[in-house]
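Scroll down for the structure; my scribbles are underneath it.
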Amino acid sequence: MNAQLLTARQLGLVSCHDCRLLIEAQQVHAHPHCPRCGAHLHLRKPNSLARTWALVWAALICLVPANLLPMTITTALGTKQADTIMSGVIYFMQSGSWEVATVIFVASIFVPCAKLLILIYLLLSVRFRSAWRPRDRTVLYRLTELVGRWSMVDIYVVTILVALVRLGAIAAIEAGPAAVYFAAVVVITMFAAESFDPRLIWDVVEEDV
Amino acid sequence: MNSHSTSRHRHPQHRLPERAEPADAAACASGHRTEPFLVACPNCDLLHRLAPQGDATLLCFRCGAVLYRDKPNSIERGLALTLTALVLFVLSNCFPFLAMKSGGLVQETILLTGIRELWNEGMQGLAFLVLLTCVLVPLAQMLGLLYILAPLYGNRPPARHAGRVFRLVQEVAPWGMMEVFLIGVLVALVKLGHMATIVPGVSVFSFAVLIFVMAAAYSSLDPPLLWDRLDLRR
């Protein structure tokens with residue numbers, strides 16, 4: 001590694017998470033708040049790996065009922081029909097609107113799974129002090145931060161359906177129990193991505209050189 | 001370094017920041033925008049001495065994170081767009097959102113109807129999450145930005161606790177999901193299109209415009225400049 005490449009940590013500086021002011025580490029020990037914006041200061045996000053692992057496990061557990069239980073329960077002229085996330089995707093594919101099937105599949109199944117897999121990979125790569133392509137791993141992290149919110153689409157679809165289809169005995173749509181678990185997956189993975197500190201990827205690379 | 005040349009090749013409009021030197025450590029406290037300032041990459045902690053010039057976007061030398069983007073007239077633009085967004089927000093919440101016609105029956109809804117129905121079904125947590133992400137967080141962002149930007153427009157001193165308000169606005173930003181909600185509306189329209197006629201209300205259109213105005217307002221902000229003006233130490 002080039003001697004000119006210096007990190008804030010190597011120079012004894014702490015970067016404020018909120019306003020990016022650089023503060024000397026000794027000052028931070030005495031007073032752990034940013035003098036410019038008042039945010040709590042830390043060299044790295046506290047307990048980043050343990051917190052992220054805990055949240056990843058919680059999300060994995062919620063992912064099971066989210067996919068197995070019904071997302072919506074449709075009542076039409078006395079007959080009840082329960083739809084899971086996947087049966088909704090299949091319904092759209094069969095009725096010919098494959099664009100919508102793709103949107104739901106990507107947002108509700110692919111993105112949450114991919115996001116969890118990426119986080120697990122990043123956690124393991126830091127744990128085993130991988131030095132392999134840190135730049136690409138940082139890009140993967142930025143990706144998980146960016147796409148997580150789009151998984152909420154299915155929750156909003158349910159909200160709108162529940163609002164619109166309220167015709168009593170003729171037709172009504174209710175939210176199923178999976179909606180709660182699925183919302184939990186989205187929220188928990190957003191917190192998990194936030195609690196992971198990508199600077200750890202670079203720390204282990206620098207320490208091992 | 002390899003990544004250096006490839007990223008310059010791929011983004012000719014991006015000028016890469018200078019590398020930091022050890023001697024800069026002493027000068028770190030003065031984070032002024034018009035003169036070169038030191039900043040650590042939020043993704044990999046590498047120090048850079050940034051010298052903003054023209055309309056260049058400055059990327060991290062090592063991991064490619066965006067470190068600085070030029071934002072001309074950020075306070076005027078931000079304020080104008082925030083005010084527009086507030087007007088659209090009021091429209092979106094007052095007028096009919098969607099109506100469903102099916103065999104002589106008409107079911108009209110506003111933006112909040114779905115949230116109320118989820119609440120009545122016993123899914124209070126879910127109802128609150130939708131309310132938070134589609135109504136409360138965007139509203140808090142707009143009011144917060146108004147509170148911060150209004151005094152700065154016309155060079156008055158910043159409002160009390162404006163720094164804390166801006167921190168809050170930045171922290172809640174990922175939880176504002178109006179654009180995701182709009183995709184949800186489109187999916188629901190296709191789903192119900194087979195069995196009923198859906199009539200979009202005024203609110204749907206103002207909501208769609210609101211998303212773009214809100215995104216423009218947020219991206220017109222210049223955080224380094226704002227932090228300079230909102231400094232708690234003054």
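Every chain in the structure tokens has a letter given in the order shown (A, B, ...), and although residue numbers restart at 1 in each chain, ligands are simply numbered from 1 in the order shown.
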
DSSP on the backbone: what in region 94-150 of chain B comes out strand (DSSP E or B), as a list in words? Leu98, Ala99, Met100, Lys101, Ser102, Leu105, Val106, Gln107, Glu108 and Thr109 of chain B

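Using only C-alpha atoms, the residues found no farther than 8 Å from Leu41 (chain A), other than those of its own chain fewer than 5 positions away, are Val14, Ser15, Cys16, His17, Val28, Pro32, His33 and Cys34 of chain A.
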
Separation of CA of Pro46 (chain A) from CA of Ala193 (chain A), in Å and rounded to one decimal: 13.8 Å

Pull out every residue of chain A sitting within 6 Å of chain B, counting only C-alpha atoms, and send them as a PyMOL selection string. chain A and resi 6-8+36-37+135+150+153+156-157+159-160+162-163+198-199+202

Can I get the selection written as a compact mmCIF listing (two decimals), in the first residue's frame, with C-alpha atoms?
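Result file is selection08.txt:
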# COMPACT_ATOMS: atom_id res chain seq x y z
CA LEU A 6 -3.74 7.86 4.95
CA THR A 7 -6.96 7.20 6.79
CA ALA A 8 -8.48 9.40 9.46
CA ARG A 36 -20.26 21.37 15.21
CA CYS A 37 -23.50 19.36 15.06
CA ARG A 135 -13.55 -1.71 -3.35
CA TRP A 150 -37.92 -0.71 -2.45
CA VAL A 153 -43.76 -2.03 -2.40
CA TYR A 156 -48.10 -0.52 0.10
CA VAL A 157 -49.97 -2.65 -2.45
CA THR A 159 -52.53 -1.03 2.06
CA ILE A 160 -54.11 0.28 -1.15
CA VAL A 162 -57.41 -2.97 1.69
CA ALA A 163 -58.54 0.64 1.29
CA PRO A 198 -18.02 -0.53 5.72
CA ARG A 199 -14.80 0.99 7.05
CA TRP A 202 -10.70 -1.51 4.87

Out of A:Val186, A:Ala30, A:Ile201, A:Val139, which residue has the shortest atom-to-atom distance to Leu116 (chain A) when counting only C-alpha atoms? A:Val186

Using only C-alpha atoms, which residues sit within 10 Å of Arg129 (chain A) once same-chain residues fewer than 5 positions away are excluded, as a count of residues only? 10

Could you give me, as a count of residues only, the residues within 12 Å of region 85-93 of chain A, counting only C-alpha atoms and dropping anything in the same chain fewer than 4 positions from it? 47

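Non-sequential neighbours of Tyr68 (chain B) (distance at most 8 Å, separation of 2 or more positions within a chain, only C-alpha atoms) are B:Pro52, B:Thr57, B:Leu58, B:Leu59, B:Val66, B:Asp70.
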
Selected residues written out, N, CA and C atoms, as a compact mmCIF listing (two decimals), in the first residue's frame:
# COMPACT_ATOMS: atom_id res chain seq x y z
N PRO B 52 -13.04 22.11 -3.98
CA PRO B 52 -14.17 22.20 -4.91
C PRO B 52 -13.88 23.22 -6.01
N THR B 57 -17.82 16.63 -9.60
CA THR B 57 -18.22 15.74 -8.51
C THR B 57 -16.97 15.01 -8.06
N LEU B 58 -16.70 15.05 -6.76
CA LEU B 58 -15.46 14.45 -6.27
C LEU B 58 -15.76 13.09 -5.63
N LEU B 59 -15.03 12.08 -6.12
CA LEU B 59 -15.22 10.71 -5.63
C LEU B 59 -14.04 10.28 -4.77
N VAL B 66 -19.17 9.01 -3.25
CA VAL B 66 -19.24 10.43 -3.59
C VAL B 66 -18.88 11.25 -2.35
N ASP B 70 -21.14 19.52 -6.47
CA ASP B 70 -21.37 20.96 -6.56
C ASP B 70 -22.87 21.24 -6.58

Would you please give, as JSON, numbers by chain, all residues of region 60-211 of chain B that DSSP assigns to alpha helix (DSSP H) based on the backbone? {"B": [74, 75, 76, 77, 78, 79, 80, 81, 82, 83, 84, 85, 86, 87, 88, 89, 90, 91, 92, 93, 94, 113, 114, 115, 116, 117, 118, 119, 120, 124, 125, 126, 127, 128, 129, 130, 131, 137, 138, 139, 140, 141, 142, 143, 144, 145, 146, 147, 148, 149, 150, 151, 152, 162, 163, 164, 165, 166, 167, 168, 169, 170, 171, 172, 178, 179, 180, 181, 182, 183, 184, 185, 186, 187, 188, 189, 190, 191, 192, 193, 202, 203, 204, 205, 206, 207, 208, 209, 210, 211]}

Now that the selection is made, can you save its residues with C-alpha atoms as a CSV table (one decimal), in the first residue's frame?
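In the end it all went to again_23.csv:
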chain,number,residue,atom,x,y,z
B,74,SER,CA,-28.6,25.5,-2.8
B,75,ILE,CA,-30.4,27.6,-0.2
B,76,GLU,CA,-32.6,29.4,-2.7
B,77,ARG,CA,-33.4,26.3,-4.7
B,78,GLY,CA,-33.9,24.2,-1.6
B,79,LEU,CA,-36.3,26.7,-0.1
B,80,ALA,CA,-38.4,27.2,-3.3
B,81,LEU,CA,-38.7,23.4,-3.8
B,82,THR,CA,-39.5,22.8,-0.1
B,83,LEU,CA,-42.4,25.3,-0.3
B,84,THR,CA,-43.7,23.7,-3.5
B,85,ALA,CA,-43.5,20.3,-1.8
B,86,LEU,CA,-45.5,21.5,1.2
B,87,VAL,CA,-48.3,22.8,-1.1
B,88,LEU,CA,-48.4,19.5,-3.0
B,89,PHE,CA,-48.4,17.6,0.3
B,90,VAL,CA,-51.5,19.4,1.5
B,91,LEU,CA,-53.2,18.7,-1.8
B,92,SER,CA,-52.2,15.1,-1.7
B,93,ASN,CA,-53.8,14.6,1.7
B,94,CYS,CA,-57.0,16.5,1.2
B,113,THR,CA,-57.9,5.4,4.1
B,114,GLY,CA,-55.7,2.3,3.8
B,115,ILE,CA,-53.9,3.2,7.0
B,116,ARG,CA,-57.2,3.6,8.9
B,117,GLU,CA,-58.4,0.2,7.5
B,118,LEU,CA,-55.2,-1.6,8.6
B,119,TRP,CA,-55.6,0.0,12.0
B,120,ASN,CA,-59.2,-1.2,12.3
B,124,GLN,CA,-51.7,-1.1,14.3
B,125,GLY,CA,-48.0,-1.7,13.9
B,126,LEU,CA,-48.3,-2.0,10.1
B,127,ALA,CA,-50.6,1.0,9.9
B,128,PHE,CA,-48.2,3.1,11.9
B,129,LEU,CA,-45.3,2.0,9.6
B,130,VAL,CA,-47.2,3.1,6.5
B,131,LEU,CA,-48.2,6.4,8.2
B,137,VAL,CA,-41.3,11.4,7.7
B,138,PRO,CA,-41.9,13.4,4.5
B,139,LEU,CA,-43.8,16.0,6.5
B,140,ALA,CA,-41.0,16.2,9.1
B,141,GLN,CA,-38.4,16.6,6.3
B,142,MET,CA,-40.3,19.4,4.7
B,143,LEU,CA,-40.9,21.3,7.9
B,144,GLY,CA,-37.4,20.7,9.0
B,145,LEU,CA,-35.9,22.0,5.8
B,146,LEU,CA,-38.2,25.1,5.9
B,147,TYR,CA,-37.1,25.8,9.5
B,148,ILE,CA,-33.4,25.6,8.5
B,149,LEU,CA,-33.5,27.3,5.1
B,150,ALA,CA,-35.9,30.2,5.7
B,151,PRO,CA,-33.5,32.1,8.1
B,152,LEU,CA,-30.5,31.4,5.9
B,162,ALA,CA,-31.1,24.4,13.4
B,163,GLY,CA,-28.1,22.1,13.4
B,164,ARG,CA,-30.0,19.4,15.4
B,165,VAL,CA,-32.9,19.8,13.1
B,166,PHE,CA,-30.7,19.2,10.1
B,167,ARG,CA,-29.2,16.2,11.7
B,168,LEU,CA,-32.6,14.8,12.3
B,169,VAL,CA,-33.7,15.5,8.7
B,170,GLN,CA,-30.7,13.6,7.4
B,171,GLU,CA,-31.2,10.7,9.8
B,172,VAL,CA,-34.9,10.2,8.9
B,178,MET,CA,-43.3,8.1,-1.0
B,179,GLU,CA,-41.7,7.0,-4.3
B,180,VAL,CA,-42.0,3.3,-3.3
B,181,PHE,CA,-45.7,4.0,-2.4
B,182,LEU,CA,-46.3,5.3,-5.9
B,183,ILE,CA,-45.0,2.0,-7.4
B,184,GLY,CA,-47.4,0.3,-5.0
B,185,VAL,CA,-50.2,2.3,-6.4
B,186,LEU,CA,-49.3,1.3,-10.0
B,187,VAL,CA,-49.1,-2.4,-9.0
B,188,ALA,CA,-52.5,-2.2,-7.2
B,189,LEU,CA,-54.1,-0.5,-10.3
B,190,VAL,CA,-52.9,-3.4,-12.5
B,191,LYS,CA,-54.1,-5.9,-10.0
B,192,LEU,CA,-57.6,-4.4,-9.7
B,193,GLY,CA,-57.9,-3.4,-13.3
B,202,VAL,CA,-56.4,14.8,-8.0
B,203,SER,CA,-54.4,13.5,-5.1
B,204,VAL,CA,-52.6,10.8,-7.2
B,205,PHE,CA,-51.3,13.4,-9.6
B,206,SER,CA,-50.2,15.8,-6.9
B,207,PHE,CA,-48.5,12.9,-5.1
B,208,ALA,CA,-46.6,11.9,-8.2
B,209,VAL,CA,-45.3,15.5,-8.7
B,210,LEU,CA,-44.6,15.8,-5.0
B,211,ILE,CA,-42.1,12.9,-5.2

To one decimal in Å, tell me the separation between CA of Val213 (chain B) and CA of Val111 (chain A).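 Computing the Euclidean distance for CA of Val213 (chain B) and CA of Val111 (chain A) yields 26.8 Å.
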
May I have the residues within 12 Å of Lys115 (chain A) as a VMD selection string, using only C-alpha atoms and disregarding those fewer than 5 positions away in the same chain? chain A and resid 56 59 to 60 106 to 110 120 to 122 140 to 151 185 to 186 188 to 193

Could you write those residues out with N, CA and C atoms, as a PDB file, in the first residue's frame?
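See selection.pdb below for the written result:
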ATOM      1  N   VAL A  56     -29.407  -9.550  11.257  1.00  0.00           N
ATOM      2  CA  VAL A  56     -29.504 -10.458  10.109  1.00  0.00           C
ATOM      3  C   VAL A  56     -30.241 -11.736  10.510  1.00  0.00           C
ATOM      4  N   ALA A  59     -33.922 -11.060  10.883  1.00  0.00           N
ATOM      5  CA  ALA A  59     -34.575 -10.920   9.580  1.00  0.00           C
ATOM      6  C   ALA A  59     -34.764 -12.287   8.925  1.00  0.00           C
ATOM      7  N   LEU A  60     -33.757 -13.162   9.055  1.00  0.00           N
ATOM      8  CA  LEU A  60     -33.864 -14.499   8.463  1.00  0.00           C
ATOM      9  C   LEU A  60     -35.031 -15.272   9.073  1.00  0.00           C
ATOM     10  N   VAL A 106     -38.991  -9.116  -7.815  1.00  0.00           N
ATOM     11  CA  VAL A 106     -37.716  -8.460  -7.491  1.00  0.00           C
ATOM     12  C   VAL A 106     -37.799  -7.777  -6.129  1.00  0.00           C
ATOM     13  N   ALA A 107     -38.881  -7.005  -5.902  1.00  0.00           N
ATOM     14  CA  ALA A 107     -38.975  -6.213  -4.672  1.00  0.00           C
ATOM     15  C   ALA A 107     -39.206  -7.088  -3.443  1.00  0.00           C
ATOM     16  N   SER A 108     -40.020  -8.133  -3.575  1.00  0.00           N
ATOM     17  CA  SER A 108     -40.436  -8.868  -2.380  1.00  0.00           C
ATOM     18  C   SER A 108     -39.650 -10.134  -2.121  1.00  0.00           C
ATOM     19  N   ILE A 109     -39.064 -10.720  -3.133  1.00  0.00           N
ATOM     20  CA  ILE A 109     -38.356 -11.976  -2.926  1.00  0.00           C
ATOM     21  C   ILE A 109     -36.872 -11.812  -3.199  1.00  0.00           C
ATOM     22  N   PHE A 110     -36.528 -11.290  -4.372  1.00  0.00           N
ATOM     23  CA  PHE A 110     -35.110 -11.203  -4.737  1.00  0.00           C
ATOM     24  C   PHE A 110     -34.346 -10.217  -3.854  1.00  0.00           C
ATOM     25  N   ILE A 120     -24.452 -11.053   4.970  1.00  0.00           N
ATOM     26  CA  ILE A 120     -23.766 -12.201   5.574  1.00  0.00           C
ATOM     27  C   ILE A 120     -22.378 -12.344   4.971  1.00  0.00           C
ATOM     28  N   TYR A 121     -22.279 -12.170   3.641  1.00  0.00           N
ATOM     29  CA  TYR A 121     -20.975 -12.268   2.984  1.00  0.00           C
ATOM     30  C   TYR A 121     -20.015 -11.194   3.514  1.00  0.00           C
ATOM     31  N   LEU A 122     -20.519  -9.947   3.648  1.00  0.00           N
ATOM     32  CA  LEU A 122     -19.652  -8.865   4.135  1.00  0.00           C
ATOM     33  C   LEU A 122     -19.199  -9.144   5.562  1.00  0.00           C
ATOM     34  N   LEU A 140     -20.833  -3.172  -2.994  1.00  0.00           N
ATOM     35  CA  LEU A 140     -21.933  -4.067  -2.596  1.00  0.00           C
ATOM     36  C   LEU A 140     -22.665  -3.490  -1.393  1.00  0.00           C
ATOM     37  N   TYR A 141     -21.892  -2.952  -0.436  1.00  0.00           N
ATOM     38  CA  TYR A 141     -22.513  -2.365   0.751  1.00  0.00           C
ATOM     39  C   TYR A 141     -23.398  -1.185   0.364  1.00  0.00           C
ATOM     40  N   ARG A 142     -22.885  -0.298  -0.488  1.00  0.00           N
ATOM     41  CA  ARG A 142     -23.682   0.870  -0.889  1.00  0.00           C
ATOM     42  C   ARG A 142     -24.959   0.426  -1.581  1.00  0.00           C
ATOM     43  N   LEU A 143     -24.864  -0.685  -2.323  1.00  0.00           N
ATOM     44  CA  LEU A 143     -26.030  -1.236  -3.021  1.00  0.00           C
ATOM     45  C   LEU A 143     -27.097  -1.684  -2.021  1.00  0.00           C
ATOM     46  N   THR A 144     -26.673  -2.395  -0.957  1.00  0.00           N
ATOM     47  CA  THR A 144     -27.662  -2.873   0.015  1.00  0.00           C
ATOM     48  C   THR A 144     -28.319  -1.698   0.728  1.00  0.00           C
ATOM     49  N   GLU A 145     -27.552  -0.613   0.939  1.00  0.00           N
ATOM     50  CA  GLU A 145     -28.114   0.560   1.589  1.00  0.00           C
ATOM     51  C   GLU A 145     -29.190   1.182   0.708  1.00  0.00           C
ATOM     52  N   LEU A 146     -28.957   1.131  -0.607  1.00  0.00           N
ATOM     53  CA  LEU A 146     -29.785   1.847  -1.571  1.00  0.00           C
ATOM     54  C   LEU A 146     -31.089   1.111  -1.886  1.00  0.00           C
ATOM     55  N   VAL A 147     -31.036  -0.223  -2.031  1.00  0.00           N
ATOM     56  CA  VAL A 147     -32.193  -0.929  -2.581  1.00  0.00           C
ATOM     57  C   VAL A 147     -33.187  -1.389  -1.521  1.00  0.00           C
ATOM     58  N   GLY A 148     -32.796  -1.408  -0.245  1.00  0.00           N
ATOM     59  CA  GLY A 148     -33.636  -1.986   0.799  1.00  0.00           C
ATOM     60  C   GLY A 148     -35.036  -1.423   0.846  1.00  0.00           C
ATOM     61  N   ARG A 149     -35.157  -0.092   0.694  1.00  0.00           N
ATOM     62  CA  ARG A 149     -36.440   0.575   0.821  1.00  0.00           C
ATOM     63  C   ARG A 149     -37.465   0.100  -0.208  1.00  0.00           C
ATOM     64  N   TRP A 150     -36.986  -0.346  -1.384  1.00  0.00           N
ATOM     65  CA  TRP A 150     -37.925  -0.712  -2.451  1.00  0.00           C
ATOM     66  C   TRP A 150     -38.713  -1.978  -2.134  1.00  0.00           C
ATOM     67  N   SER A 151     -38.271  -2.739  -1.138  1.00  0.00           N
ATOM     68  CA  SER A 151     -39.025  -3.935  -0.756  1.00  0.00           C
ATOM     69  C   SER A 151     -40.378  -3.590  -0.152  1.00  0.00           C
ATOM     70  N   VAL A 185     -39.221  -7.800   8.169  1.00  0.00           N
ATOM     71  CA  VAL A 185     -38.001  -8.121   7.417  1.00  0.00           C
ATOM     72  C   VAL A 185     -37.411  -6.847   6.813  1.00  0.00           C
ATOM     73  N   VAL A 186     -38.264  -6.030   6.187  1.00  0.00           N
ATOM     74  CA  VAL A 186     -37.767  -4.815   5.516  1.00  0.00           C
ATOM     75  C   VAL A 186     -37.141  -3.865   6.535  1.00  0.00           C
ATOM     76  N   ILE A 188     -36.046  -4.489   9.630  1.00  0.00           N
ATOM     77  CA  ILE A 188     -34.866  -5.041  10.301  1.00  0.00           C
ATOM     78  C   ILE A 188     -33.658  -5.024   9.366  1.00  0.00           C
ATOM     79  N   THR A 189     -33.852  -5.370   8.076  1.00  0.00           N
ATOM     80  CA  THR A 189     -32.691  -5.359   7.175  1.00  0.00           C
ATOM     81  C   THR A 189     -32.199  -3.932   6.938  1.00  0.00           C
ATOM     82  N   MET A 190     -33.110  -2.943   6.981  1.00  0.00           N
ATOM     83  CA  MET A 190     -32.648  -1.558   6.845  1.00  0.00           C
ATOM     84  C   MET A 190     -31.767  -1.169   8.030  1.00  0.00           C
ATOM     85  N   PHE A 191     -32.188  -1.595   9.234  1.00  0.00           N
ATOM     86  CA  PHE A 191     -31.362  -1.325  10.416  1.00  0.00           C
ATOM     87  C   PHE A 191     -30.039  -2.091  10.340  1.00  0.00           C
ATOM     88  N   ALA A 192     -30.096  -3.329   9.822  1.00  0.00           N
ATOM     89  CA  ALA A 192     -28.880  -4.134   9.723  1.00  0.00           C
ATOM     90  C   ALA A 192     -27.867  -3.469   8.806  1.00  0.00           C
ATOM     91  N   ALA A 193     -28.341  -2.980   7.647  1.00  0.00           N
ATOM     92  CA  ALA A 193     -27.426  -2.316   6.706  1.00  0.00           C
ATOM     93  C   ALA A 193     -26.835  -1.072   7.350  1.00  0.00           C
TER      94      ALA A 193
END

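The space between CA of Leu55 (chain A) and CA of Ile118 (chain A) spans 13.6 Å.
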